$ cat start.cif   # mmCIF, C-alpha atoms
data_run
#
loop_
_atom_site.label_atom_id
_atom_site.label_comp_id
_atom_site.auth_asym_id
_atom_site.auth_seq_id
_atom_site.Cartn_x
_atom_site.Cartn_y
_atom_site.Cartn_z
CA MET A 14 189.49 182.29 40.62
CA GLU A 15 187.90 179.40 42.41
CA GLU A 16 188.29 179.48 46.16
CA ILE A 17 189.40 176.24 47.73
CA ARG A 18 187.71 175.52 51.04
CA ALA A 19 189.70 175.13 54.23
CA ASP A 20 189.56 171.33 54.14
CA GLY A 21 190.37 171.11 50.44
CA ARG A 22 186.86 170.34 49.15
CA ASN A 23 185.17 171.73 46.02
CA PRO A 24 182.09 173.89 46.52
CA ASN A 25 179.86 170.95 45.63
CA GLN A 26 181.68 168.28 47.55
CA LEU A 27 180.07 166.72 50.60
CA ARG A 28 181.95 165.23 53.53
CA PRO A 29 182.06 161.43 53.82
CA PHE A 30 178.78 160.05 55.21
CA SER A 31 178.12 157.06 57.38
CA CYS A 32 174.99 155.64 58.94
CA THR A 33 174.93 152.85 61.52
CA ARG A 34 171.77 150.79 61.84
CA ASN A 35 170.34 150.28 65.36
CA PRO A 36 173.47 150.88 67.45
CA LEU A 37 171.27 151.10 70.58
CA ASP A 38 169.87 147.85 71.89
CA ARG A 39 166.96 149.19 73.96
CA ALA A 40 165.56 151.73 71.53
CA HIS A 41 162.92 150.54 69.08
CA GLY A 42 164.88 152.13 66.26
CA SER A 43 168.12 154.08 66.28
CA ALA A 44 170.68 155.51 63.89
CA ARG A 45 174.09 157.10 64.22
CA TRP A 46 174.59 159.52 61.35
CA ALA A 47 178.00 161.06 60.72
CA GLN A 48 178.93 163.76 58.21
CA GLY A 49 182.66 164.29 58.64
CA ASP A 50 183.07 165.21 62.31
CA THR A 51 179.44 166.13 62.89
CA ILE A 52 177.87 163.07 64.50
CA VAL A 53 174.32 162.72 65.83
CA LEU A 54 172.76 159.69 67.50
CA ALA A 55 168.96 159.44 67.15
CA ALA A 56 166.77 157.00 69.09
CA VAL A 57 163.08 156.35 68.44
CA TYR A 58 160.68 154.82 70.93
CA GLY A 59 157.17 154.02 69.89
CA PRO A 60 154.41 154.16 69.02
CA LYS A 61 153.38 154.09 72.68
CA PRO A 62 149.73 154.28 73.74
CA GLY A 63 148.31 157.61 74.85
CA THR A 64 148.95 161.22 73.88
CA ARG A 65 149.95 164.22 75.93
CA LYS A 66 147.37 166.74 77.03
CA GLY A 67 146.59 169.22 74.29
CA GLU A 68 147.58 166.96 71.43
CA ASN A 69 145.03 165.79 68.90
CA PRO A 70 143.98 162.21 69.78
CA GLU A 71 142.97 161.48 66.20
CA LYS A 72 146.58 161.58 65.11
CA ALA A 73 149.81 160.14 66.38
CA SER A 74 151.91 162.74 68.19
CA ILE A 75 155.67 163.09 67.98
CA GLU A 76 157.81 164.23 70.87
CA VAL A 77 161.40 165.36 70.32
CA VAL A 78 164.14 165.72 72.92
CA TRP A 79 167.45 167.29 71.91
CA LYS A 80 170.49 166.67 74.07
CA PRO A 81 173.49 168.88 73.36
CA MET A 82 177.05 167.65 73.61
CA THR A 83 177.92 169.93 76.53
CA GLY A 84 176.11 172.47 78.63
CA GLN A 85 172.54 172.83 79.77
CA ILE A 86 169.44 172.76 77.62
CA GLY A 87 168.56 176.27 76.50
CA LYS A 88 166.67 178.18 73.84
CA GLN A 89 168.77 176.89 70.95
CA GLU A 90 167.93 173.30 71.88
CA LYS A 91 164.24 174.14 72.17
CA GLU A 92 164.36 175.69 68.72
CA TYR A 93 165.97 172.59 67.26
CA GLU A 94 163.32 170.44 68.94
CA MET A 95 160.54 172.52 67.44
CA THR A 96 162.08 172.46 63.94
CA LEU A 97 162.53 168.70 64.10
CA LYS A 98 159.03 168.13 65.39
CA ARG A 99 157.49 170.10 62.54
CA THR A 100 159.69 168.39 59.94
CA LEU A 101 158.92 164.92 61.25
CA GLN A 102 155.22 165.67 61.46
CA SER A 103 155.19 166.40 57.77
CA ILE A 104 156.90 163.17 56.76
CA CYS A 105 155.16 160.74 59.12
CA LEU A 106 151.76 159.26 58.38
CA LEU A 107 150.05 160.42 61.53
CA THR A 108 146.66 158.79 60.97
CA VAL A 109 147.91 155.20 60.88
CA HIS A 110 148.22 154.88 64.67
CA PRO A 111 145.91 157.45 66.27
CA ASN A 112 146.22 158.26 69.95
CA THR A 113 149.83 157.16 70.27
CA THR A 114 153.08 158.99 71.01
CA THR A 115 156.38 158.43 69.27
CA SER A 116 159.42 159.80 71.11
CA VAL A 117 162.56 160.82 69.27
CA ILE A 118 165.66 161.51 71.32
CA LEU A 119 168.74 163.08 69.76
CA GLN A 120 172.19 163.15 71.26
CA VAL A 121 174.84 165.35 69.68
CA VAL A 122 178.11 163.45 69.71
CA GLY A 123 180.19 165.81 67.60
CA ASN A 124 179.51 169.24 66.15
CA ASP A 125 181.50 170.44 63.16
CA GLY A 126 178.88 172.43 61.27
CA SER A 127 175.65 171.41 59.48
CA LEU A 128 174.35 170.07 62.80
CA LEU A 129 170.64 170.42 62.06
CA PRO A 130 170.81 168.64 58.65
CA CYS A 131 172.80 165.81 60.23
CA ALA A 132 170.21 165.50 63.00
CA ILE A 133 167.31 165.42 60.54
CA ASN A 134 169.00 162.71 58.47
CA ALA A 135 169.67 160.69 61.62
CA CYS A 136 166.04 161.02 62.77
CA CYS A 137 164.69 159.96 59.43
CA ALA A 138 166.89 156.86 59.34
CA ALA A 139 165.95 155.99 62.94
CA LEU A 140 162.22 156.29 62.14
CA VAL A 141 162.59 153.88 59.23
CA PHE A 142 164.54 151.38 61.36
CA ALA A 143 161.77 151.56 63.97
CA GLY A 144 159.11 150.83 61.37
CA ILE A 145 157.17 154.08 61.79
CA PRO A 146 155.08 154.59 58.59
CA LEU A 147 156.39 157.50 56.52
CA LYS A 148 155.13 159.27 53.42
CA HIS A 149 158.69 159.64 52.11
CA LEU A 150 162.17 160.26 53.49
CA ALA A 151 163.53 163.66 54.51
CA VAL A 152 166.96 164.48 53.13
CA ALA A 153 168.73 167.49 54.66
CA ILE A 154 171.67 169.54 53.46
CA GLY A 155 173.43 172.67 54.67
CA CYS A 156 174.36 175.35 52.11
CA GLY A 157 176.45 178.46 52.64
CA VAL A 158 176.71 181.62 50.51
CA LEU A 159 180.17 183.13 49.94
CA GLU A 160 180.96 186.81 49.37
CA ASP A 161 180.86 186.47 45.59
CA GLY A 162 177.53 184.64 45.58
CA GLU A 163 179.04 181.17 45.18
CA VAL A 164 177.23 178.42 47.05
CA ILE A 165 179.13 175.81 49.08
CA LEU A 166 177.54 172.61 50.34
CA ASP A 167 177.83 170.82 53.70
CA THR A 168 179.38 173.69 55.63
CA SER A 169 181.80 172.98 58.45
CA LYS A 170 181.76 174.91 61.73
CA ALA A 171 184.65 177.22 60.76
CA GLU A 172 182.96 178.01 57.45
CA GLU A 173 179.64 178.76 59.13
CA GLN A 174 181.28 181.23 61.48
CA GLN A 175 182.97 183.10 58.62
CA LEU A 176 180.12 183.16 56.11
CA LYS A 177 177.67 186.04 56.08
CA SER A 178 174.76 183.66 55.53
CA PHE A 179 173.92 179.98 55.26
CA ALA A 180 170.77 177.87 54.99
CA HIS A 181 169.69 174.42 56.13
CA LEU A 182 167.33 172.84 53.64
CA VAL A 183 165.29 169.65 53.84
CA PHE A 184 163.92 167.98 50.72
CA PRO A 185 161.81 164.86 50.21
CA ASN A 186 163.83 161.99 48.81
CA SER A 187 163.95 161.15 45.11
CA ARG A 188 161.62 158.28 44.58
CA LYS A 189 161.40 155.35 42.25
CA SER A 190 158.39 155.42 40.02
CA ALA A 191 156.60 152.29 38.88
CA SER A 192 155.08 153.87 35.84
CA SER A 193 156.56 153.67 32.39
CA LYS A 194 156.39 157.41 31.94
CA ALA A 195 160.07 157.93 32.69
CA ALA A 196 160.22 161.02 30.50
CA ASN A 197 158.48 163.05 33.18
CA GLN A 198 161.11 162.21 35.78
CA LYS A 199 163.07 165.45 35.47
CA GLU A 200 160.01 167.63 35.82
CA GLU A 201 158.85 165.62 38.82
CA ASP A 202 162.16 166.13 40.57
CA SER A 203 162.05 169.89 40.44
CA GLU A 204 158.43 170.00 41.52
CA GLN A 205 158.94 167.98 44.66
CA GLY A 206 159.30 171.04 46.84
CA LEU A 207 160.94 171.83 50.11
CA ILE A 208 159.98 170.49 53.52
CA THR A 209 161.95 172.80 55.81
CA SER A 210 164.20 175.79 55.34
CA ILE A 211 166.13 177.55 58.12
CA THR A 212 168.35 180.46 57.16
CA HIS A 213 170.94 182.38 59.14
CA GLY A 214 172.19 185.80 58.13
CA VAL A 215 171.27 187.94 55.16
CA MET A 216 171.18 186.65 51.59
CA SER A 217 169.61 187.89 48.38
CA GLU A 218 166.70 186.13 46.72
CA ASP A 219 168.89 184.93 43.88
CA ASP A 220 171.40 183.46 46.32
CA TYR A 221 168.60 181.70 48.15
CA PHE A 222 167.18 180.13 45.01
CA ASN A 223 170.70 179.18 44.01
CA CYS A 224 171.10 177.39 47.33
CA ILE A 225 167.86 175.53 46.78
CA GLU A 226 168.94 174.39 43.33
CA ARG A 227 172.33 173.18 44.49
CA GLY A 228 170.81 171.62 47.56
CA LEU A 229 168.27 169.72 45.48
CA ALA A 230 170.98 168.30 43.26
CA ALA A 231 173.02 167.20 46.27
CA SER A 232 169.96 165.76 47.98
CA SER A 233 169.63 163.13 45.29
CA ARG A 234 173.10 161.86 46.20
CA ILE A 235 172.25 161.70 49.88
CA SER A 236 168.95 160.11 48.91
CA ASP A 237 170.77 157.30 47.08
CA PHE A 238 173.04 156.77 50.06
CA MET A 239 169.99 156.50 52.33
CA ARG A 240 168.42 154.03 49.96
CA THR A 241 171.42 151.68 50.07
CA THR A 242 171.70 151.98 53.85
CA LEU A 243 168.03 151.25 54.45
CA GLN A 244 168.06 148.27 52.15
CA LYS A 245 170.87 146.46 53.90
CA GLN A 246 169.30 143.90 56.20
CA ALA A 247 170.77 142.77 59.50
CA PRO A 248 171.83 139.09 59.58
CA GLY A 249 169.11 136.71 60.63
CA ASP A 250 166.33 138.82 59.17
CA ALA A 251 164.30 137.42 56.30
CA MET B 12 151.66 130.75 46.21
CA LEU B 13 154.29 133.35 46.90
CA THR B 14 156.38 134.93 44.21
CA ARG B 15 159.11 137.40 44.91
CA LEU B 16 158.84 140.42 42.65
CA THR B 17 161.99 141.30 40.79
CA VAL B 18 161.85 144.85 42.10
CA ASP B 19 164.58 145.73 44.60
CA ALA B 20 163.89 146.29 48.26
CA GLN B 21 161.71 149.34 48.80
CA VAL B 22 162.13 152.58 50.67
CA PRO B 23 159.33 154.92 51.89
CA GLY B 24 157.82 156.97 49.13
CA ASP B 25 158.48 154.58 46.28
CA ALA B 26 155.51 154.11 44.03
CA VAL B 27 155.27 150.43 43.34
CA LEU B 28 152.14 150.10 41.26
CA ASP B 29 150.58 152.46 38.82
CA LEU B 30 146.85 152.00 38.94
CA THR B 31 146.25 153.64 35.58
CA GLU B 32 148.09 150.76 33.95
CA MET B 33 145.96 148.14 35.66
CA THR B 34 142.35 148.49 34.71
CA ASN B 35 139.38 146.62 36.10
CA GLN B 36 141.36 144.75 38.71
CA THR B 37 140.81 144.44 42.43
CA ILE B 38 144.01 144.64 44.39
CA LYS B 39 144.28 143.83 48.08
CA LEU B 40 146.80 145.93 50.00
CA GLY B 41 148.42 144.44 53.05
CA ALA B 42 150.86 145.93 55.56
CA GLY B 43 153.09 148.80 54.58
CA LEU B 44 151.25 149.99 51.47
CA ARG B 45 148.90 152.89 50.92
CA GLN B 46 147.06 154.41 48.02
CA ASP B 47 148.02 157.89 46.88
CA CYS B 48 145.76 159.05 44.00
CA ASP B 49 146.85 156.88 41.10
CA THR B 50 149.77 155.03 42.62
CA ILE B 51 150.36 152.62 45.43
CA GLN B 52 153.14 153.90 47.68
CA VAL B 53 155.32 152.19 50.20
CA THR B 54 155.42 153.42 53.82
CA GLY B 55 158.46 151.59 55.16
CA ALA B 56 161.67 149.88 54.12
CA GLY B 57 161.34 146.25 53.10
CA ARG B 58 160.60 143.80 50.30
CA LEU B 59 157.45 143.89 48.26
CA ARG B 60 155.67 140.52 48.23
CA LEU B 61 152.87 139.27 46.05
CA SER B 62 150.50 136.46 46.83
CA LYS B 63 148.56 135.50 43.72
CA PRO B 64 146.09 136.49 42.55
CA ASN B 65 146.03 140.00 43.88
CA LYS B 66 147.41 140.52 47.39
CA TYR B 67 150.45 142.78 47.87
CA TRP B 68 152.25 143.59 51.08
CA LEU B 69 155.56 144.90 52.38
CA GLU B 70 157.67 142.45 54.32
CA SER B 71 159.95 144.12 56.84
CA SER B 72 161.59 143.29 60.13
CA GLN B 73 161.36 145.44 63.25
CA LYS B 74 161.62 145.20 67.00
CA ARG B 75 158.00 146.23 67.47
CA TYR B 76 154.94 144.45 66.13
CA VAL B 77 151.91 145.68 64.20
CA PRO B 78 148.97 143.40 65.07
CA SER B 79 147.13 141.65 62.28
CA VAL B 80 144.31 139.13 62.43
CA GLU B 81 145.07 135.38 62.67
CA ASP B 82 148.64 135.90 63.89
CA THR B 83 149.79 133.76 66.82
CA VAL B 84 151.58 135.87 69.43
CA LEU B 85 153.20 135.60 72.85
CA GLY B 86 151.87 138.18 75.26
CA VAL B 87 152.64 139.18 78.84
CA VAL B 88 149.75 140.01 81.19
CA VAL B 89 150.10 143.52 82.60
CA ASP B 90 146.73 144.03 84.25
CA THR B 91 143.45 142.25 84.98
CA LYS B 92 140.00 143.75 84.55
CA PRO B 93 136.60 142.17 85.27
CA ASP B 94 136.05 141.33 81.59
CA ASN B 95 139.51 141.24 80.05
CA PHE B 96 143.14 140.62 80.74
CA LEU B 97 145.35 143.45 79.46
CA VAL B 98 148.22 141.88 77.56
CA ASP B 99 151.36 143.47 76.17
CA ILE B 100 152.16 142.15 72.67
CA LYS B 101 154.87 144.67 71.74
CA GLY B 102 152.47 146.70 69.63
CA PRO B 103 151.31 150.32 69.69
CA ASN B 104 148.44 149.42 72.02
CA LEU B 105 147.79 146.91 74.79
CA ALA B 106 145.70 143.92 73.70
CA PHE B 107 142.55 142.66 75.41
CA LEU B 108 142.14 138.96 76.18
CA PRO B 109 138.53 138.30 77.23
CA VAL B 110 138.32 136.19 80.40
CA LEU B 111 135.91 133.81 78.68
CA ALA B 112 138.06 133.20 75.58
CA PHE B 113 139.32 129.82 76.82
CA GLU B 114 138.09 126.33 76.12
CA GLY B 115 135.09 125.64 78.32
CA GLY B 116 135.33 129.12 79.75
CA THR B 117 132.45 130.22 81.98
CA ARG B 118 132.10 132.85 84.67
CA ARG B 119 132.82 130.17 87.24
CA ASN B 120 136.21 128.97 86.00
CA ILE B 121 137.98 132.16 85.00
CA PRO B 122 141.74 131.51 84.92
CA LYS B 123 143.75 133.39 87.52
CA PHE B 124 146.64 135.00 85.69
CA GLU B 125 149.03 137.14 87.67
CA ILE B 126 150.85 140.13 86.27
CA GLY B 127 153.81 138.83 84.29
CA THR B 128 152.18 135.61 83.07
CA LEU B 129 153.22 134.55 79.56
CA ILE B 130 150.35 133.65 77.24
CA TYR B 131 150.32 132.07 73.78
CA ALA B 132 147.27 133.40 71.94
CA ARG B 133 145.98 134.35 68.53
CA VAL B 134 144.87 137.78 67.36
CA VAL B 135 141.15 137.96 66.65
CA LYS B 136 140.57 141.64 66.00
CA ALA B 137 143.19 144.14 64.92
CA ASN B 138 142.72 147.61 63.51
CA SER B 139 144.68 150.76 64.08
CA ILE B 140 141.96 152.54 66.01
CA MET B 141 141.01 150.05 68.71
CA ASN B 142 142.99 147.87 71.07
CA PRO B 143 143.60 144.46 69.48
CA GLU B 144 141.69 141.48 70.82
CA LEU B 145 143.19 138.06 71.52
CA SER B 146 141.77 134.62 72.08
CA CYS B 147 143.06 131.40 73.59
CA VAL B 148 140.83 129.17 71.50
CA ASP B 149 141.18 128.39 67.83
CA ALA B 150 138.42 128.92 65.27
CA THR B 151 136.69 125.65 66.16
CA GLY B 152 136.58 126.42 69.87
CA LYS B 153 139.31 124.01 70.98
CA ALA B 154 142.22 125.06 73.16
CA ALA B 155 144.83 123.77 70.67
CA GLU B 156 148.20 124.86 72.15
CA PHE B 157 146.99 128.23 73.41
CA GLY B 158 147.05 129.38 76.98
CA GLN B 159 149.59 129.98 79.68
CA LEU B 160 153.21 128.94 79.14
CA LYS B 161 154.78 127.79 82.39
CA ASP B 162 158.49 127.52 83.27
CA GLY B 163 161.00 127.90 80.49
CA TYR B 164 162.65 131.08 79.30
CA MET B 165 161.37 133.87 77.05
CA PHE B 166 163.42 136.27 74.97
CA ASP B 167 162.82 138.99 72.36
CA THR B 168 163.75 138.84 68.71
CA SER B 169 162.87 140.85 65.62
CA THR B 170 159.66 140.10 63.75
CA GLY B 171 161.69 138.97 60.73
CA LEU B 172 163.51 136.34 62.72
CA SER B 173 160.32 134.92 64.22
CA ARG B 174 158.79 134.70 60.76
CA MET B 175 161.85 132.79 59.61
CA LEU B 176 161.62 130.38 62.56
CA LEU B 177 158.00 129.69 61.62
CA SER B 178 158.60 129.23 57.91
CA SER B 179 157.88 125.95 56.20
CA PRO B 180 159.78 123.75 55.47
CA THR B 181 161.16 123.67 59.01
CA CYS B 182 163.85 126.21 59.70
CA PRO B 183 167.31 124.51 59.57
CA VAL B 184 168.29 125.95 62.96
CA LEU B 185 165.40 124.27 64.70
CA GLU B 186 166.09 120.99 62.92
CA ALA B 187 169.74 121.03 63.86
CA LEU B 188 168.96 121.92 67.47
CA GLY B 189 166.31 119.22 67.61
CA LYS B 190 168.84 116.56 66.67
CA LYS B 191 171.14 117.45 69.54
CA LEU B 192 168.77 118.55 72.32
CA SER B 193 165.20 117.90 73.34
CA PHE B 194 163.24 121.07 73.99
CA GLU B 195 159.88 122.73 73.58
CA ILE B 196 159.58 126.02 71.72
CA ALA B 197 156.81 128.57 71.09
CA VAL B 198 157.39 131.36 68.59
CA GLY B 199 155.21 134.49 68.52
CA LEU B 200 154.99 136.50 65.32
CA ASN B 201 155.34 139.60 67.49
CA GLY B 202 159.04 138.91 68.02
CA ARG B 203 158.97 136.76 71.18
CA VAL B 204 160.28 133.23 71.57
CA TRP B 205 159.77 130.87 74.54
CA VAL B 206 161.91 127.79 75.11
CA ASN B 207 161.53 125.00 77.66
CA ALA B 208 163.64 121.90 78.32
CA PRO B 209 163.71 119.16 80.96
CA SER B 210 166.57 120.67 82.94
CA PRO B 211 167.67 124.30 83.35
CA LYS B 212 171.03 123.39 81.85
CA SER B 213 169.36 122.25 78.62
CA ILE B 214 167.38 125.47 78.38
CA GLY B 215 170.62 127.40 78.76
CA GLU B 216 172.28 125.28 76.10
CA THR B 217 169.40 125.76 73.69
CA VAL B 218 169.37 129.50 74.07
CA LEU B 219 173.15 129.72 73.86
CA MET B 220 173.35 127.65 70.70
CA TRP B 221 170.59 129.65 69.11
CA MET B 222 172.22 132.94 70.00
CA LEU B 223 175.60 131.79 68.68
CA TRP B 224 173.97 130.99 65.40
CA HIS B 225 172.00 134.21 65.22
CA TYR B 226 174.74 136.67 66.12
#
$ encode --input "start.cif" --output "structure tokens"
Amino acid sequence: MEEIRADGRNPNQLRPFSCTRNPLDRAHGSARWAQGDTIVLAAVYGPKPGTRKGENPEKASIEVVWKPMTGQIGKQEKEYEMTLKRTLQSICLLTVHPNTTTSVILQVVGNDGSLLPCAINACCAALVFAGIPLKHLAVAIGCGVLEDGEVILDTSKAEEQQLKSFAHLVFPNSRKSASSKAANQKEEDSEQGLITSITHGVMSEDDYFNCIERGLAASSRISDFMRTTLQKQAPGDA
Amino acid sequence: MLTRLTVDAQVPGDAVLDLTEMTNQTIKLGAGLRQDCDTIQVTGAGRLRLSKPNKYWLESSQKRYVPSVEDTVLGVVVDTKPDNFLVDIKGPNLAFLPVLAFEGGTRRNIPKFEIGTLIYARVVKANSIMNPELSCVDATGKAAEFGQLKDGYMFDTSTGLSRMLLSSPTCPVLEALGKKLSFEIAVGLNGRVWVNAPSPKSIGETVLMWMLWHY
């Protein structure tokens, strides 16, 4: 018997997405990414000259600040900052502007589950709007594992609290290839790999690989959505 | 001659050219493209442009500017050093404007620019590692229109909009404005525009009309 989720979605159904381009006037690039009621606002400033002490001057450095919706900044926020910094470092081309700092500031506007994936998607969009050179996009999805091993996508807060385990996965986006060897497309997709994986709770290996498979399939949908959002130009731009 | 490729607008990570299919050709890569083994990949979101015979680049519009040689930009002086003025051109690094890079410039007649002075200059050296270098003389050594811009009003735009204002044939907005008002305008490819008119009211009118059109 198939379990229906609390908000009536199928296991594979994602909440409605939206991405606003440059809602902040002062920031060099910004994005407001919403997945259902989970909303994150990301602002990017940079590249600015100079790096912090201890950072490698031959590469650009990325600085992340996470601002929670309520309460003071604590260990959870520091952990999110570190995860985001590592993820962004792997998608940005750090050698293009050596000895510069790019600051990314995240403000949580609403939290209804899958907060980290929403934040990563928002950051990625904001980096593209700011013109920071990237190797590829990062597409993030949250997957939960039910009692019977079934995987549900884009978990809400209530679901996350009830599940015994869930994972946040970040994949590179599905890319267009210029070559005429389209037959290899399917193999290429599954070999693209994983950028980041954060798991909570206990799950078996099979469940984990199941999550990855489902997550990868869903990531191509999010990837297409990102593609259409990034291609829309603001009026007045050539 | 510019031709617009029929490929859709690009997103980071897209491979736009497969080098194994193009043999014995030299390709010049401009902004926003990089080579990854056998393919040329895109590093930002924008449109791929081709200038025959072999130059490709990615055209995109941002608030910040990436300096490239022979661009004309509007900079603001932020500091003065014995040999250079430090100028902000909205890029990742501050630009240097040598004190002698003016027409008839010698050690005796170095211009006195205060902090906050607006300068119209061209980019002479630009690479990602060093600070870009500007000059207020053109290639032949004449001042042309370069130098300090006095009075008037300066505002920021995106790089895409400034490119459109500088496109040829003349941008329709500028033509239409020119028929109604008389004004002087300088557009920097780094996303800065300066406008001047005989009376402050005209400057206000110019900026207002332009903003109404743009937004």
$ closest_residue --input "start.cif" --among "A:Val164, A:Ala143, A:Val77, A:Val121" --to "chain B" --atoms "only C-alpha atoms"
A:Ala143
$ residues_around --input "start.cif" --residues "stretch 39-47 of chain B" --least-positions-apart "2" --cutoff "12 Å" --atoms "all atoms listed in the file" --output "PyMOL selection string"
(chain A and resi 106+108-109+141+144-149) or (chain B and resi 21-30+36-37+49-72+76-80+138-139)
$ resolve_selection --input "start.cif" --expression "the PyMOL selection byres ((chain A and resi 118) around 7)" --output "list in words"
Ala55, Ala56, Val57, Val77, Val78, Trp79, Ser116, Val117, Leu119 and Gln120 of chain A
$ closest_atom_pairs --input "start.cif" --of "chain A" --to "chain B" --cutoff "10 Å" --atoms "only C-alpha atoms" --output "tab-separated table"
residue	atom	partner	partner_atom	distance
A:Asp38	CA	B:Lys74	CA	9.9
A:Arg39	CA	B:Lys74	CA	9.6
A:Ala40	CA	B:Lys74	CA	8.9
A:His41	CA	B:Lys74	CA	5.9
A:Gly42	CA	B:Lys74	CA	7.7
A:Tyr58	CA	B:Arg75	CA	9.6
A:Gly59	CA	B:Pro103	CA	6.9
A:Pro60	CA	B:Pro103	CA	5.0
A:Lys61	CA	B:Pro103	CA	5.2
A:Pro62	CA	B:Asn104	CA	5.3
A:Gly63	CA	B:Asn104	CA	8.7
A:Glu71	CA	B:Ile140	CA	9.0
A:Ile104	CA	B:Gly24	CA	9.9
A:Cys105	CA	B:Thr54	CA	9.0
A:Leu106	CA	B:Thr54	CA	8.3
A:Thr108	CA	B:Ser139	CA	8.8
A:Val109	CA	B:Ser139	CA	6.4
A:His110	CA	B:Ser139	CA	5.5
A:Pro111	CA	B:Ile140	CA	6.3
A:Asn112	CA	B:Ile140	CA	8.1
A:Thr113	CA	B:Pro103	CA	7.0
A:Thr114	CA	B:Pro103	CA	8.9
A:Thr115	CA	B:Pro103	CA	9.6
A:Leu140	CA	B:Gly55	CA	9.2
A:Val141	CA	B:Gly55	CA	6.2
A:Phe142	CA	B:Gln73	CA	7.0
A:Ala143	CA	B:Gln73	CA	6.2
A:Gly144	CA	B:Gln73	CA	6.1
A:Ile145	CA	B:Gly55	CA	7.2
A:Pro146	CA	B:Thr54	CA	4.9
A:Leu147	CA	B:Thr54	CA	5.0
A:Lys148	CA	B:Gly24	CA	5.6
A:His149	CA	B:Gly24	CA	4.1
A:Leu150	CA	B:Pro23	CA	6.3
A:Pro185	CA	B:Gly24	CA	8.9
A:Asn186	CA	B:Gly24	CA	7.8
A:Ser187	CA	B:Gly24	CA	8.4
A:Arg188	CA	B:Asp25	CA	5.1
A:Lys189	CA	B:Asp25	CA	5.0
A:Ser190	CA	B:Ala26	CA	5.1
A:Ala191	CA	B:Val27	CA	5.0
A:Ser192	CA	B:Asp29	CA	5.6
A:Ser193	CA	B:Asp29	CA	8.9
A:Met239	CA	B:Val22	CA	8.9
A:Arg240	CA	B:Val22	CA	6.5
A:Thr241	CA	B:Val22	CA	9.4
A:Leu243	CA	B:Ala56	CA	6.5
A:Gln244	CA	B:Ala20	CA	6.0
A:Lys245	CA	B:Ala20	CA	9.0
A:Gln246	CA	B:Ser72	CA	8.7
A:Ala247	CA	B:Ser72	CA	9.2
A:Pro248	CA	B:His225	CA	7.5
A:Gly249	CA	B:His225	CA	6.0
A:Asp250	CA	B:Gly171	CA	4.9
A:Ala251	CA	B:Gly171	CA	5.4
$ residues_around --input "start.cif" --residues "B:Phe166" --least-positions-apart "6" --cutoff "7 Å" --atoms "all atoms listed in the file" --output "list of chain:residue names"
B:Arg203, B:Val204, B:Trp205
$ atom_distance --input "start.cif" --atom1 "atom CA of A:Ile235" --atom2 "atom CA of A:Ser74"
27.4 Å
$ residues_around --input "start.cif" --residues "A:Leu54" --least-positions-apart "4" --cutoff "10 Å" --atoms "only C-alpha atoms" --output "ChimeraX atom specification"
/A:32-33,35-37,43-47,80,118-123,131-132,135-136,139
$ atom_distance --input "start.cif" --atom1 "atom CA of B:Thr83" --atom2 "atom CA of B:Phe107"
14.3 Å
$ atom_distance --input "start.cif" --atom1 "atom CA of A:Pro81" --atom2 "atom CA of A:Asp125"
13.1 Å
$ closest_residue --input "start.cif" --among "A:Lys72, A:Arg18, A:Lys98, A:His213" --to "A:Glu163" --atoms "only C-alpha atoms"
A:Arg18
$ resolve_selection --input "start.cif" --expression "the PyMOL selection byres ((chain A and resi 100) around 10)" --output "list in words"
Glu94, Met95, Thr96, Leu97, Lys98, Arg99, Leu101, Gln102, Ser103, Ile104, Cys105, Ile133, Cys137, Ala151, Val183, Ile208, Thr209 and Ser210 of chain A
$ axis_aligned_box --input "start.cif" --around "stretch 157-166 of chain A" --padding-each-side "8 Å" --output "JSON"
{"center_x": 178.7, "center_y": 179.7, "center_z": 48.9, "size_x": 20.5, "size_y": 30.2, "size_z": 23.5}
$ residues_around --input "start.cif" --residues "B:Val98" --least-positions-apart "5" --cutoff "7 Å" --atoms "only C-alpha atoms" --output "ChimeraX atom specification"
/B:86-89,105-108
$ closest_residue --input "start.cif" --among "B:Gly215, B:Val110, B:Tyr164, B:Leu85" --to "B:Asn201" --atoms "only C-alpha atoms"
B:Leu85
$ resolve_selection --input "start.cif" --expression "the PyMOL selection byres ((chain A and resi 19) around 12)" --output "ChimeraX atom specification"
/A:16-18,20-24,165,168-173,175
$ write_last_selection --input "start.cif" --atoms "C-alpha atoms" --output "PDB file, keeping the file's coordinate frame"
ATOM      1  CA  GLU A  16     188.290 179.480  46.160  1.00  0.00           C
ATOM      2  CA  ILE A  17     189.400 176.240  47.730  1.00  0.00           C
ATOM      3  CA  ARG A  18     187.710 175.520  51.040  1.00  0.00           C
ATOM      4  CA  ASP A  20     189.560 171.330  54.140  1.00  0.00           C
ATOM      5  CA  GLY A  21     190.370 171.110  50.440  1.00  0.00           C
ATOM      6  CA  ARG A  22     186.860 170.340  49.150  1.00  0.00           C
ATOM      7  CA  ASN A  23     185.170 171.730  46.020  1.00  0.00           C
ATOM      8  CA  PRO A  24     182.090 173.890  46.520  1.00  0.00           C
ATOM      9  CA  ILE A 165     179.130 175.810  49.080  1.00  0.00           C
ATOM     10  CA  THR A 168     179.380 173.690  55.630  1.00  0.00           C
ATOM     11  CA  SER A 169     181.800 172.980  58.450  1.00  0.00           C
ATOM     12  CA  LYS A 170     181.760 174.910  61.730  1.00  0.00           C
ATOM     13  CA  ALA A 171     184.650 177.220  60.760  1.00  0.00           C
ATOM     14  CA  GLU A 172     182.960 178.010  57.450  1.00  0.00           C
ATOM     15  CA  GLU A 173     179.640 178.760  59.130  1.00  0.00           C
ATOM     16  CA  GLN A 175     182.970 183.100  58.620  1.00  0.00           C
TER      17      GLN A 175
END
